[in-house]
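Student: Structure provided below as structure tokens; questions to follow.
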Amino acid sequence: MQHFKSPRQAQRFLSAHSMIYGYFRPRRHLMTAAQYRHARAEAFGVWQQETCAQTAV
């Protein structure tokens, strides 16, 4: 619980973080390299679309 003021704050952060972490870290051992790259590219594409993030050119 380092760096958290309370157990509740830690729980709130970790519950949100786990959903995002699972989305960006597919279970690599169950995929081929090409499938993994495609899944990661798709995840980052959705993230960019949802957050309206602009990449530096």
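By convention here, the chains of the structure tokens are called A, B, ... in the order presented, each chain's residues are numbered starting at 1, and ligands are numbered starting at 1 in the order presented.
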Out of chain A, which residues get alpha helix (DSSP H) from DSSP, as a PyMOL selection string?

Tutor: chain A and resi 7-24+33-51
